[in-house]
Every structure is written in structure tokens, then in C-alpha cells.
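Next comes run_15.cif, a file with mmCIF, C-alpha atoms and all ligand atoms.
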data_my_file
#
loop_
_atom_site.label_atom_id
_atom_site.label_comp_id
_atom_site.auth_asym_id
_atom_site.auth_seq_id
_atom_site.Cartn_x
_atom_site.Cartn_y
_atom_site.Cartn_z
CA MET R 1 59.76 -8.42 23.99
CA GLN R 2 60.26 -10.27 20.70
CA ALA R 3 58.76 -7.64 18.46
CA PHE R 4 59.53 -4.26 16.91
CA PHE R 5 56.43 -2.12 16.40
CA GLU R 6 55.86 1.57 15.63
CA GLY R 7 59.54 2.35 16.11
CA LYS R 8 59.93 0.63 19.50
CA TYR R 9 60.92 -2.74 20.90
CA VAL R 10 57.83 -4.19 22.59
CA ASP R 11 56.34 -7.43 23.87
CA MET R 12 54.51 -9.43 21.22
CA ALA R 13 51.23 -8.84 23.07
CA ASP R 14 51.66 -5.08 22.58
CA ALA R 15 52.23 -5.21 18.82
CA ARG R 16 48.64 -4.58 17.71
CA VAL R 17 47.02 -2.66 14.84
CA SER R 18 43.61 -1.03 14.46
CA VAL R 19 40.89 -2.79 12.49
CA MET R 20 40.88 0.28 10.20
CA THR R 21 44.47 -0.30 9.09
CA HIS R 22 44.75 0.02 5.29
CA ALA R 23 46.93 -3.10 5.02
CA LEU R 24 44.50 -5.27 7.01
CA ASN R 25 41.61 -4.25 4.78
CA TYR R 26 43.32 -4.14 1.38
CA GLY R 27 46.42 -6.36 1.60
CA THR R 28 48.82 -3.43 1.17
CA GLY R 29 51.86 -4.86 2.90
CA VAL R 30 55.14 -6.46 1.89
CA PHE R 31 56.83 -9.05 4.06
CA GLU R 32 59.64 -11.56 4.48
CA GLY R 33 60.25 -14.87 6.15
CA ILE R 34 63.71 -15.42 7.59
CA ARG R 35 64.97 -18.49 9.41
CA GLY R 36 67.34 -18.61 12.33
CA TYR R 37 69.03 -21.97 12.94
CA TRP R 38 70.27 -23.07 16.34
CA ASN R 39 73.84 -24.39 16.22
CA SER R 40 74.09 -26.60 19.30
CA GLU R 41 77.90 -27.10 19.21
CA GLU R 42 78.53 -23.37 19.24
CA GLU R 43 75.38 -22.54 21.23
CA GLN R 44 74.58 -19.83 18.72
CA LEU R 45 71.54 -18.83 16.74
CA LEU R 46 72.43 -18.12 13.09
CA LEU R 47 70.20 -16.04 10.81
CA PHE R 48 70.43 -17.25 7.22
CA ARG R 49 71.04 -14.73 4.38
CA VAL R 50 69.41 -12.02 6.44
CA ARG R 51 70.72 -9.12 4.32
CA GLU R 52 69.28 -10.65 1.15
CA HIS R 53 65.84 -10.79 2.79
CA PHE R 54 65.98 -7.11 3.72
CA GLU R 55 67.23 -6.19 0.26
CA ARG R 56 64.22 -8.03 -1.16
CA ILE R 57 61.73 -6.32 1.18
CA HIS R 58 63.10 -2.99 -0.05
CA ARG R 59 62.58 -4.12 -3.66
CA SER R 60 59.05 -5.36 -2.88
CA ALA R 61 58.26 -2.05 -1.18
CA ARG R 62 59.52 -0.06 -4.19
CA ILE R 63 57.20 -1.98 -6.50
CA VAL R 64 54.07 -1.35 -4.40
CA ARG R 65 55.12 2.14 -3.18
CA ILE R 66 55.60 1.50 0.50
CA ASN R 67 58.25 3.60 2.20
CA ILE R 68 60.49 1.71 4.63
CA PRO R 69 62.16 4.29 6.85
CA TYR R 70 65.15 2.03 7.64
CA THR R 71 68.18 1.05 5.61
CA VAL R 72 69.10 -2.61 5.07
CA ASP R 73 71.78 -2.28 7.79
CA GLU R 74 69.27 -0.81 10.22
CA LEU R 75 66.78 -3.59 9.46
CA VAL R 76 69.47 -6.21 10.11
CA ASP R 77 70.15 -4.58 13.50
CA ILE R 78 66.45 -4.46 14.42
CA CYS R 79 66.13 -8.11 13.47
CA ALA R 80 69.16 -9.16 15.53
CA ASN R 81 67.91 -7.19 18.57
CA VAL R 82 64.45 -8.78 18.45
CA VAL R 83 65.81 -12.30 18.01
CA ARG R 84 68.35 -11.79 20.79
CA SER R 85 65.58 -10.64 23.14
CA GLY R 86 63.84 -14.01 22.78
CA ASN R 87 66.86 -15.95 24.21
CA PHE R 88 65.94 -18.76 21.85
CA ARG R 89 67.83 -22.06 21.98
CA GLU R 90 65.96 -23.55 19.04
CA ASP R 91 65.20 -22.74 15.39
CA VAL R 92 63.20 -19.57 14.84
CA TYR R 93 61.26 -17.78 12.12
CA VAL R 94 61.40 -14.01 11.74
CA ARG R 95 58.59 -12.10 10.06
CA PRO R 96 59.35 -8.51 8.95
CA LEU R 97 56.34 -6.63 7.55
CA ALA R 98 56.17 -3.15 5.99
CA TYR R 99 52.60 -2.01 5.56
CA LYS R 100 50.21 0.85 4.86
CA SER R 101 49.32 1.79 8.40
CA ALA R 102 46.92 4.64 7.56
CA LEU R 103 43.49 4.35 9.20
CA GLN R 104 41.52 4.95 6.07
CA ILE R 105 38.48 3.72 4.19
CA GLY R 106 39.34 3.94 0.51
CA LEU R 107 41.75 2.16 -1.78
CA SER R 108 44.03 4.89 -3.08
CA MET R 109 47.52 4.95 -1.66
CA ILE R 110 47.67 8.65 -2.58
CA VAL R 111 45.78 11.19 -0.48
CA GLY R 112 45.79 14.98 -0.17
CA GLY R 113 44.18 15.92 -3.50
CA PRO R 114 45.82 17.17 -6.71
CA ASP R 115 47.54 20.17 -5.05
CA GLU R 116 49.38 18.28 -2.34
CA PRO R 117 49.35 14.57 -3.21
CA ARG R 118 51.20 12.30 -0.79
CA LEU R 119 51.40 8.58 -0.17
CA VAL R 120 49.44 7.34 2.84
CA ASP R 121 51.39 6.46 6.00
CA ASP R 122 53.50 3.34 6.25
CA ASP R 123 55.00 1.47 9.14
CA PHE R 124 57.37 -1.41 9.71
CA THR R 125 57.08 -4.24 12.21
CA LEU R 126 59.04 -7.43 12.88
CA PHE R 127 58.58 -10.37 15.21
CA ALA R 128 60.29 -13.70 15.90
CA VAL R 129 58.81 -17.04 16.99
CA PRO R 130 60.13 -20.60 17.45
CA PHE R 131 59.55 -22.62 14.29
CA GLY R 132 60.12 -26.20 13.12
CA ASN R 133 59.61 -27.73 9.69
CA TYR R 134 56.91 -26.30 7.42
CA LEU R 135 56.77 -29.20 4.94
CA ASP R 136 58.14 -32.70 5.43
CA ILE R 137 61.84 -32.95 4.62
CA GLU R 138 62.42 -36.53 5.84
CA LYS R 139 59.91 -38.23 3.58
CA PRO R 140 58.64 -37.06 0.20
CA ILE R 141 55.40 -35.12 -0.05
CA ARG R 142 52.42 -35.56 -2.42
CA CYS R 143 51.36 -32.62 -4.59
CA THR R 144 48.51 -31.68 -6.87
CA ILE R 145 48.27 -29.08 -9.63
CA ALA R 146 46.11 -26.26 -8.26
CA SER R 147 42.95 -25.30 -10.11
CA TRP R 148 43.84 -21.70 -9.16
CA ARG R 149 46.41 -20.06 -11.47
CA ARG R 150 49.36 -18.15 -9.98
CA VAL R 151 48.84 -14.37 -10.04
CA ASN R 152 50.21 -12.79 -13.17
CA ASP R 153 52.79 -10.00 -12.90
CA ASN R 154 50.38 -7.60 -14.60
CA MET R 155 47.63 -8.36 -12.07
CA ILE R 156 49.54 -8.25 -8.80
CA PRO R 157 53.34 -8.14 -8.91
CA ALA R 158 54.36 -11.76 -8.38
CA ARG R 159 58.03 -11.00 -7.73
CA ALA R 160 57.14 -8.73 -4.82
CA LYS R 161 56.28 -10.50 -1.58
CA VAL R 162 52.98 -8.68 -1.10
CA THR R 163 50.59 -9.73 1.70
CA GLY R 164 47.51 -9.45 -0.55
CA VAL R 165 49.03 -11.89 -3.08
CA TYR R 166 48.85 -14.68 -0.56
CA ILE R 167 45.09 -15.20 -0.84
CA ASN R 168 46.07 -16.81 -4.16
CA SER R 169 48.48 -19.20 -2.40
CA SER R 170 46.11 -19.82 0.53
CA MET R 171 43.25 -20.85 -1.76
CA ALA R 172 45.50 -23.25 -3.67
CA LYS R 173 47.06 -24.71 -0.50
CA THR R 174 43.65 -25.17 1.15
CA GLU R 175 42.26 -26.87 -1.95
CA ALA R 176 45.24 -29.26 -1.97
CA VAL R 177 45.04 -30.10 1.74
CA GLU R 178 41.28 -30.65 1.50
CA ALA R 179 41.87 -33.11 -1.34
CA GLY R 180 44.39 -35.05 0.80
CA PHE R 181 47.63 -33.66 -0.71
CA ASP R 182 50.46 -31.93 1.14
CA GLU R 183 51.04 -29.05 -1.27
CA ALA R 184 49.82 -27.46 -4.51
CA ILE R 185 51.86 -26.53 -7.57
CA MET R 186 50.57 -23.49 -9.40
CA LEU R 187 50.56 -22.87 -13.15
CA THR R 188 50.97 -19.47 -14.77
CA HIS R 189 48.03 -17.86 -16.53
CA ASP R 190 49.25 -19.37 -19.83
CA GLY R 191 49.62 -22.84 -18.33
CA HIS R 192 53.34 -23.19 -17.60
CA VAL R 193 54.66 -24.40 -14.26
CA SER R 194 55.23 -21.51 -11.88
CA GLU R 195 55.91 -22.63 -8.30
CA GLY R 196 54.47 -24.07 -5.08
CA THR R 197 52.22 -21.95 -2.87
CA GLY R 198 55.22 -20.75 -0.84
CA GLU R 199 58.15 -22.44 -2.55
CA ASN R 200 60.10 -22.46 -5.79
CA LEU R 201 60.31 -25.71 -7.72
CA PHE R 202 63.17 -27.69 -9.25
CA VAL R 203 63.24 -30.90 -11.27
CA VAL R 204 66.22 -33.11 -12.01
CA ARG R 205 66.29 -34.26 -15.63
CA ASP R 206 69.23 -36.01 -17.29
CA ASN R 207 71.60 -34.91 -14.52
CA ARG R 208 70.72 -31.23 -14.82
CA LEU R 209 68.46 -29.07 -12.71
CA VAL R 210 65.59 -27.23 -14.36
CA THR R 211 63.55 -24.47 -12.68
CA PRO R 212 60.97 -22.03 -14.09
CA SER R 213 62.61 -18.76 -15.12
CA VAL R 214 61.96 -15.55 -13.18
CA SER R 215 59.53 -14.38 -15.87
CA GLU R 216 57.17 -17.28 -14.98
CA ASP R 217 55.48 -15.28 -12.18
CA VAL R 218 57.63 -16.79 -9.44
CA LEU R 219 58.86 -15.12 -6.31
CA GLU R 220 62.60 -14.69 -6.89
CA GLY R 221 63.50 -16.97 -4.02
CA ILE R 222 66.62 -16.66 -1.92
CA THR R 223 66.67 -20.45 -1.40
CA ARG R 224 66.27 -20.83 -5.18
CA SER R 225 69.43 -18.82 -5.75
CA THR R 226 71.23 -20.68 -2.93
CA ILE R 227 70.39 -24.02 -4.59
CA ILE R 228 71.50 -22.85 -8.04
CA GLN R 229 74.84 -21.74 -6.57
CA ILE R 230 75.60 -24.76 -4.38
CA ALA R 231 74.46 -27.25 -7.04
CA ARG R 232 76.92 -25.69 -9.49
CA ASP R 233 79.83 -25.08 -7.11
CA GLU R 234 79.61 -28.17 -4.90
CA LEU R 235 77.95 -30.82 -7.10
CA GLY R 236 78.94 -29.60 -10.59
CA LEU R 237 75.26 -29.48 -11.64
CA GLU R 238 74.10 -26.64 -13.86
CA THR R 239 70.56 -25.26 -13.57
CA VAL R 240 68.56 -24.37 -16.67
CA GLU R 241 66.06 -21.56 -16.05
CA ARG R 242 63.29 -21.73 -18.64
CA PRO R 243 59.52 -22.13 -19.09
CA MET R 244 58.42 -25.61 -18.05
CA ASP R 245 55.36 -27.65 -19.05
CA ARG R 246 53.14 -29.45 -16.54
CA THR R 247 53.93 -32.85 -18.10
CA GLU R 248 57.67 -32.32 -17.56
CA LEU R 249 56.90 -32.70 -13.85
CA PHE R 250 55.43 -36.15 -14.44
CA ILE R 251 58.55 -37.45 -16.21
CA ALA R 252 61.15 -35.84 -13.94
CA ASP R 253 63.85 -38.04 -12.39
CA GLU R 254 63.47 -36.04 -9.17
CA LEU R 255 61.38 -33.09 -8.05
CA PHE R 256 61.71 -30.87 -4.97
CA LEU R 257 60.35 -27.62 -3.56
CA VAL R 258 62.59 -25.00 -1.95
CA GLY R 259 62.02 -21.98 0.24
CA THR R 260 62.94 -20.46 3.57
CA GLY R 261 59.95 -22.17 5.20
CA ALA R 262 59.98 -25.39 3.15
CA GLN R 263 63.81 -25.68 3.12
CA ILE R 264 64.24 -28.58 0.63
CA SER R 265 61.15 -30.75 0.44
CA PRO R 266 61.25 -33.82 -1.86
CA VAL R 267 58.13 -34.59 -3.91
CA SER R 268 57.18 -38.22 -4.69
CA GLU R 269 53.87 -37.82 -6.47
CA ILE R 270 51.86 -35.36 -8.53
CA ASP R 271 48.21 -36.14 -9.16
CA GLY R 272 48.76 -39.91 -9.09
CA ARG R 273 52.02 -39.95 -11.11
CA ILE R 274 54.99 -41.27 -9.15
CA ILE R 275 58.13 -39.15 -9.57
CA GLY R 276 61.32 -41.19 -10.17
CA ASP R 277 61.15 -44.29 -7.96
CA GLY R 278 58.95 -42.55 -5.39
CA HIS R 279 61.79 -42.10 -2.88
CA ILE R 280 64.09 -39.18 -2.12
CA GLY R 281 66.46 -38.97 -5.12
CA ALA R 282 70.26 -38.86 -4.92
CA VAL R 283 70.57 -35.24 -6.07
CA THR R 284 67.83 -34.05 -3.71
CA ARG R 285 69.50 -35.90 -0.82
CA ALA R 286 72.93 -34.43 -1.66
CA LEU R 287 71.47 -30.91 -1.82
CA GLN R 288 69.63 -31.41 1.47
CA ASP R 289 72.82 -32.58 3.21
CA LEU R 290 74.74 -29.57 1.91
CA TYR R 291 71.96 -27.08 2.63
CA PHE R 292 71.42 -28.14 6.24
CA ASP R 293 75.17 -28.05 6.91
CA ILE R 294 75.38 -24.57 5.39
CA VAL R 295 72.41 -23.05 7.25
CA ARG R 296 73.68 -24.38 10.58
CA GLY R 297 77.06 -22.74 9.92
CA ARG R 298 78.98 -25.99 9.45
CA GLN R 299 80.50 -25.15 6.04
CA SER R 300 83.17 -22.50 6.44
CA ALA R 301 83.01 -21.44 2.77
CA TYR R 302 79.39 -20.38 3.29
CA ARG R 303 79.65 -19.05 6.83
CA LYS R 304 79.31 -15.54 5.36
CA TRP R 305 75.61 -16.35 4.79
CA CYS R 306 75.06 -16.99 8.52
CA MET R 307 74.80 -14.10 10.97
CA SER R 308 75.22 -14.88 14.64
CA VAL R 309 72.91 -12.96 16.97
C1 LIG H 401 55.33 -17.75 -3.27
C2 LIG H 401 56.69 -18.06 -2.78
N1 LIG H 401 57.58 -18.59 -3.63
C3 LIG H 401 58.83 -18.90 -3.23
C4 LIG H 401 59.25 -18.69 -1.94
C5 LIG H 401 60.64 -19.03 -1.54
O1 LIG H 401 61.39 -17.85 -1.33
P1 LIG H 401 62.61 -17.82 -0.33
O2 LIG H 401 63.50 -18.93 -0.72
O3 LIG H 401 63.23 -16.50 -0.57
O4 LIG H 401 62.06 -17.99 1.03
C6 LIG H 401 58.34 -18.15 -1.01
C7 LIG H 401 58.75 -17.92 0.38
O5 LIG H 401 59.10 -16.83 0.75
C8 LIG H 401 57.05 -17.82 -1.45
O6 LIG H 401 56.16 -17.30 -0.59
#
Please, can you express the file's structure as C-alpha cells?
Amino acid sequence: MQAFFEGKYVDMADARVSVMTHALNYGTGVFEGIRGYWNSEEEQLLLFRVREHFERIHRSARIVRINIPYTVDELVDICANVVRSGNFREDVYVRPLAYKSALQIGLSMIVGGPDEPRLVDDDFTLFAVPFGNYLDIEKPIRCTIASWRRVNDNMIPARAKVTGVYINSSMAKTEAVEAGFDEAIMLTHDGHVSEGTGENLFVVRDNRLVTPSVSEDVLEGITRSTIIQIARDELGLETVERPMDRTELFIADELFLVGTGAQISPVSEIDGRIIGDGHIGAVTRALQDLYFDIVRGRQSAYRKWCMSV
């Protein structure tokens, strides 16, 4: 196996949905991405901040009215069981997904008429696969500002990790790759910096970190909060959370993207402007060193964030 589907542990090949599934047709799902890091000295696979991911999927589900029939503790157990079943000896990625499973043509998530209204059926699935780097972390990447604006919270909730939202990110990412860049940075509807297509963004300016505030249509990233905490506690660097203009990116001393998938990815260029000296900056490097030690369980003070399976 390696998957949990319709309440059972199954082989990946048996985790299949109907083409009529509401979520497949209308994007009515909420999901997570969790990393497991292989610690070769201890021969253990460590899931990073797994509880926080399941707390967030519950929050996402509340926003879009999906019922997850498992508590956070139960989700952690399901996740550990699936990962364990894969006998992985390498880094993995876990994808939990709660979705409207009803086989239904029609958009409403309420059925049954005015006398007996009820929400359409939901289900929860989770699978795990081996996974390496998503963006380059060894050498800096080149970014462009997307022509597509980031979804606004009053269009589709940006702080919920909703499957349907990701057409917005996919269009921006595809546009960037087609134009020869590695990643796109998205602006909010009113033109402030929001985030990457699957990452939060930080700049270093005058020895402080700056990141767009949570009201700038960002996903409230778990890596984002990890970076804010370790920058303050380990490097003595405060983070300012505020609206940020596009041109502040061009004059940053350093710029990097963070996320479970991206980890910490340094950025050397945006639309032809070189950031800093074009190499990985000292703060970015220090944060990378700390982060990779922490996620592989090599920093005892942060071992509480790592769950052995
Ligand atoms: C749009 C978006 N922003 C930011 C992030 C980073 O969030 P996290 O650090 O919780 O993985 C992700 C990844 O989940 C994302 O998809």
C-alpha cells in the first residue's frame, strides 16, 4: 500500500475516483503537502511539523465547508501508517486531500432541498511518494512577476489550501517556465507582492527580514512561520510583516522563497534585475543551514517538530 482511501489502507493503484466526482469537476478539495526527511545516521524517516499541516487542513476544510471525519491525532496516525508501509529510505512527500466525493452534476455543496438541506458527501485520502527538491536550493533561481494576479480572499479563499485555487498558480508557473524563468512571483489584485506560485517570499533589507503580511492573499505557510521563528531565535533577526511593493524586490539585499516543497530557494534575478550580488546571500545561507539541520532532526531544540515513523 502507500495510500489511505475511502477509510481503508490500499495500494496506490487502487486509490481511484469516478470521473463524476464533484471535486474533480469543480475543484472542491482542500489538501496539504508534508515532507518526510530521511535521517541516515539514525536510519529514520522524520515527518516535519506534521500536526501543523493537519491543523491547517482542518482550517481549510472549515472555510470551504468540507467535513473531515478524523481528528488531527487520527490524521497523524493515518499519515504515519501510510508512510511506514512504503519502507522508504529516502525523502518523501505526503499528500493528504479532503474532497467533495459526491457523484453529482451541479455546483451547490448543499443538496436535499429546503426541508432537509445537507452538505454533499466528503471523503479523505492520503498518499506518500519519494520526492527530491522542487526548486533549486544549491544555486539561485530566476523569477518573473506573473501577469496573472494572485486570487483575492473574496474570490477564492487564499489562506485555505483549496485544490481549485491552484489553476491560478499553475497558469503563472507555466507562463514563467515558458518564458525561460524558474518561478513566478504573484502580485495581489491591488498590485502588492503576494507570494510565489507555491511558496511564501522573504527579502532581506538592512539586516531585517520582510515578508508580505497574512492579509496579502498569501497561504499562511508553515515554513514561513518556521523561518520567522528560527531567524529571530537563532540569528537574532526580526521579521517585519507588511504590504510590500514590487520594486522593493528589485532593491533587496537578498530574496528567497520558502515552502514545504521549495524548502529555502534563493532568488538571484527578477525580470532582469540582479538581486544583491547575484549569489546566495549570507542570511539565506545561514537560514538554509539551520533549516536543513532542523528538518533532518539534527537540532535537539527543534526535535519536537520531527515525528519519527
Ligand atoms: C500558494 C502557496 N504558498 C505558500 C506555500 C508554503 O506553505 P508551507 O510552508 O506550509 O508548505 C505553499 C505550499 O504549500 C503554497 O502552495
* Given 10 Å and all atoms listed in the file, residues near ligand LIG 401 (chain H) as a PyMOL selection string -> chain R and resi 31-35+49+52-53+56+150-151+158-163+165-166+168-169+186+194-201+217-227+257-264
* Asked: Can you tell me how far atom CA of Tyr37 of chain R sits from atom CA of Glu55 of chain R, in Å to one decimal?
  ->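 Atom-to-atom, atom CA of Tyr37 of chain R and atom CA of Glu55 of chain R are spaced 20.3 Å apart.
Atom CA of Ala23 of chain R lies 19.1 Å from atom CA of Tyr70 of chain R.
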* Residue contacts of segment 119-129 of chain R (7 Å, all atoms listed in the file) excluding same-chain residues fewer than 3 positions away, as number ranges by chain -> R: 2-6, 66-68, 82-83, 92-102, 109-111
* Which value, in Å to one decimal, gives the distance between atom CA of Phe48 of chain R and atom CA of Ala80 of chain R? ->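 Rounded to one decimal, the two atoms are 11.7 Å apart.
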* Hey, what's within 10 Å of segment 249-252 of chain R if we count all atoms listed in the file and toss same-chain stuff fewer than 5 positions away? As a list of chain:residue names, please? ->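 With the cut-off at 10 Å, the set is R:Val193, R:Leu201, R:Phe202, R:Val203, R:Val204, R:Arg205, R:Asp206, R:Val210, R:Met244, R:Glu269, R:Ile270, R:Asp271, R:Gly272, R:Arg273, R:Ile274, R:Ile275, R:Gly276.
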Please produce an output containing C-alpha atoms for each residue in the selection, written as a compact mmCIF listing (two decimals), in the coordinates of the input.
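Saved as part_0.txt:
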# COMPACT_ATOMS: atom_id res chain seq x y z
CA VAL R 193 54.66 -24.40 -14.26
CA LEU R 201 60.31 -25.71 -7.72
CA PHE R 202 63.17 -27.69 -9.25
CA VAL R 203 63.24 -30.90 -11.27
CA VAL R 204 66.22 -33.11 -12.01
CA ARG R 205 66.29 -34.26 -15.63
CA ASP R 206 69.23 -36.01 -17.29
CA VAL R 210 65.59 -27.23 -14.36
CA MET R 244 58.42 -25.61 -18.05
CA GLU R 269 53.87 -37.82 -6.47
CA ILE R 270 51.86 -35.36 -8.53
CA ASP R 271 48.21 -36.14 -9.16
CA GLY R 272 48.76 -39.91 -9.09
CA ARG R 273 52.02 -39.95 -11.11
CA ILE R 274 54.99 -41.27 -9.15
CA ILE R 275 58.13 -39.15 -9.57
CA GLY R 276 61.32 -41.19 -10.17
* Using only C-alpha atoms, pick whichever of R:Asn87, R:Thr144, R:Asn39, R:Thr284 has the shortest atom-to-atom distance to Ala176 of chain R. => R:Thr144
* Close residues, Asp277 of chain R itself excluded, 9 Å, all atoms listed in the file, min 2 positions apart in chain, as a list in words -> Asp253, Glu254, Ser268, Ile274, Ile275, His279, Ile280 and Gly281 of chain R
Final N, CA and C atoms of segment 203-223 of chain R as a compact mmCIF listing (two decimals), in the frame of the given file:
# COMPACT_ATOMS: atom_id res chain seq x y z
N VAL R 203 63.23 -29.48 -10.91
CA VAL R 203 63.24 -30.90 -11.27
C VAL R 203 64.67 -31.28 -11.66
N VAL R 204 64.96 -32.56 -11.51
CA VAL R 204 66.22 -33.11 -12.01
C VAL R 204 65.86 -33.90 -13.26
N ARG R 205 66.53 -33.56 -14.36
CA ARG R 205 66.29 -34.26 -15.63
C ARG R 205 67.63 -34.45 -16.32
N ASP R 206 67.98 -35.70 -16.60
CA ASP R 206 69.23 -36.01 -17.29
C ASP R 206 70.43 -35.33 -16.61
N ASN R 207 70.47 -35.45 -15.30
CA ASN R 207 71.60 -34.91 -14.52
C ASN R 207 71.79 -33.40 -14.63
N ARG R 208 70.71 -32.69 -14.88
CA ARG R 208 70.72 -31.23 -14.82
C ARG R 208 69.51 -30.80 -14.02
N LEU R 209 69.62 -29.61 -13.40
CA LEU R 209 68.46 -29.07 -12.71
C LEU R 209 67.71 -28.15 -13.67
N VAL R 210 66.41 -28.16 -13.59
CA VAL R 210 65.59 -27.23 -14.36
C VAL R 210 64.64 -26.55 -13.39
N THR R 211 64.49 -25.22 -13.52
CA THR R 211 63.55 -24.47 -12.68
C THR R 211 62.89 -23.40 -13.55
N PRO R 212 61.62 -23.09 -13.30
CA PRO R 212 60.97 -22.03 -14.09
C PRO R 212 61.74 -20.71 -14.00
N SER R 213 61.87 -20.02 -15.13
CA SER R 213 62.61 -18.76 -15.12
C SER R 213 61.85 -17.68 -14.34
N VAL R 214 62.55 -16.58 -14.04
CA VAL R 214 61.96 -15.55 -13.18
C VAL R 214 60.81 -14.81 -13.87
N SER R 215 60.67 -15.00 -15.17
CA SER R 215 59.53 -14.38 -15.87
C SER R 215 58.29 -15.28 -15.85
N GLU R 216 58.34 -16.37 -15.08
CA GLU R 216 57.17 -17.28 -14.98
C GLU R 216 56.35 -16.99 -13.72
N ASP R 217 56.29 -15.71 -13.32
CA ASP R 217 55.48 -15.28 -12.18
C ASP R 217 55.86 -15.95 -10.86
N VAL R 218 57.16 -16.21 -10.71
CA VAL R 218 57.63 -16.79 -9.44
C VAL R 218 58.10 -15.68 -8.52
N LEU R 219 58.12 -15.98 -7.22
CA LEU R 219 58.86 -15.12 -6.31
C LEU R 219 60.34 -15.46 -6.54
N GLU R 220 61.17 -14.43 -6.65
CA GLU R 220 62.60 -14.69 -6.89
C GLU R 220 63.23 -15.13 -5.59
N GLY R 221 63.17 -16.42 -5.34
CA GLY R 221 63.50 -16.97 -4.02
C GLY R 221 64.98 -16.91 -3.69
N ILE R 222 65.24 -16.68 -2.42
CA ILE R 222 66.62 -16.66 -1.92
C ILE R 222 67.14 -18.10 -1.81
N THR R 223 66.26 -19.04 -1.43
CA THR R 223 66.67 -20.45 -1.40
C THR R 223 66.92 -20.93 -2.83
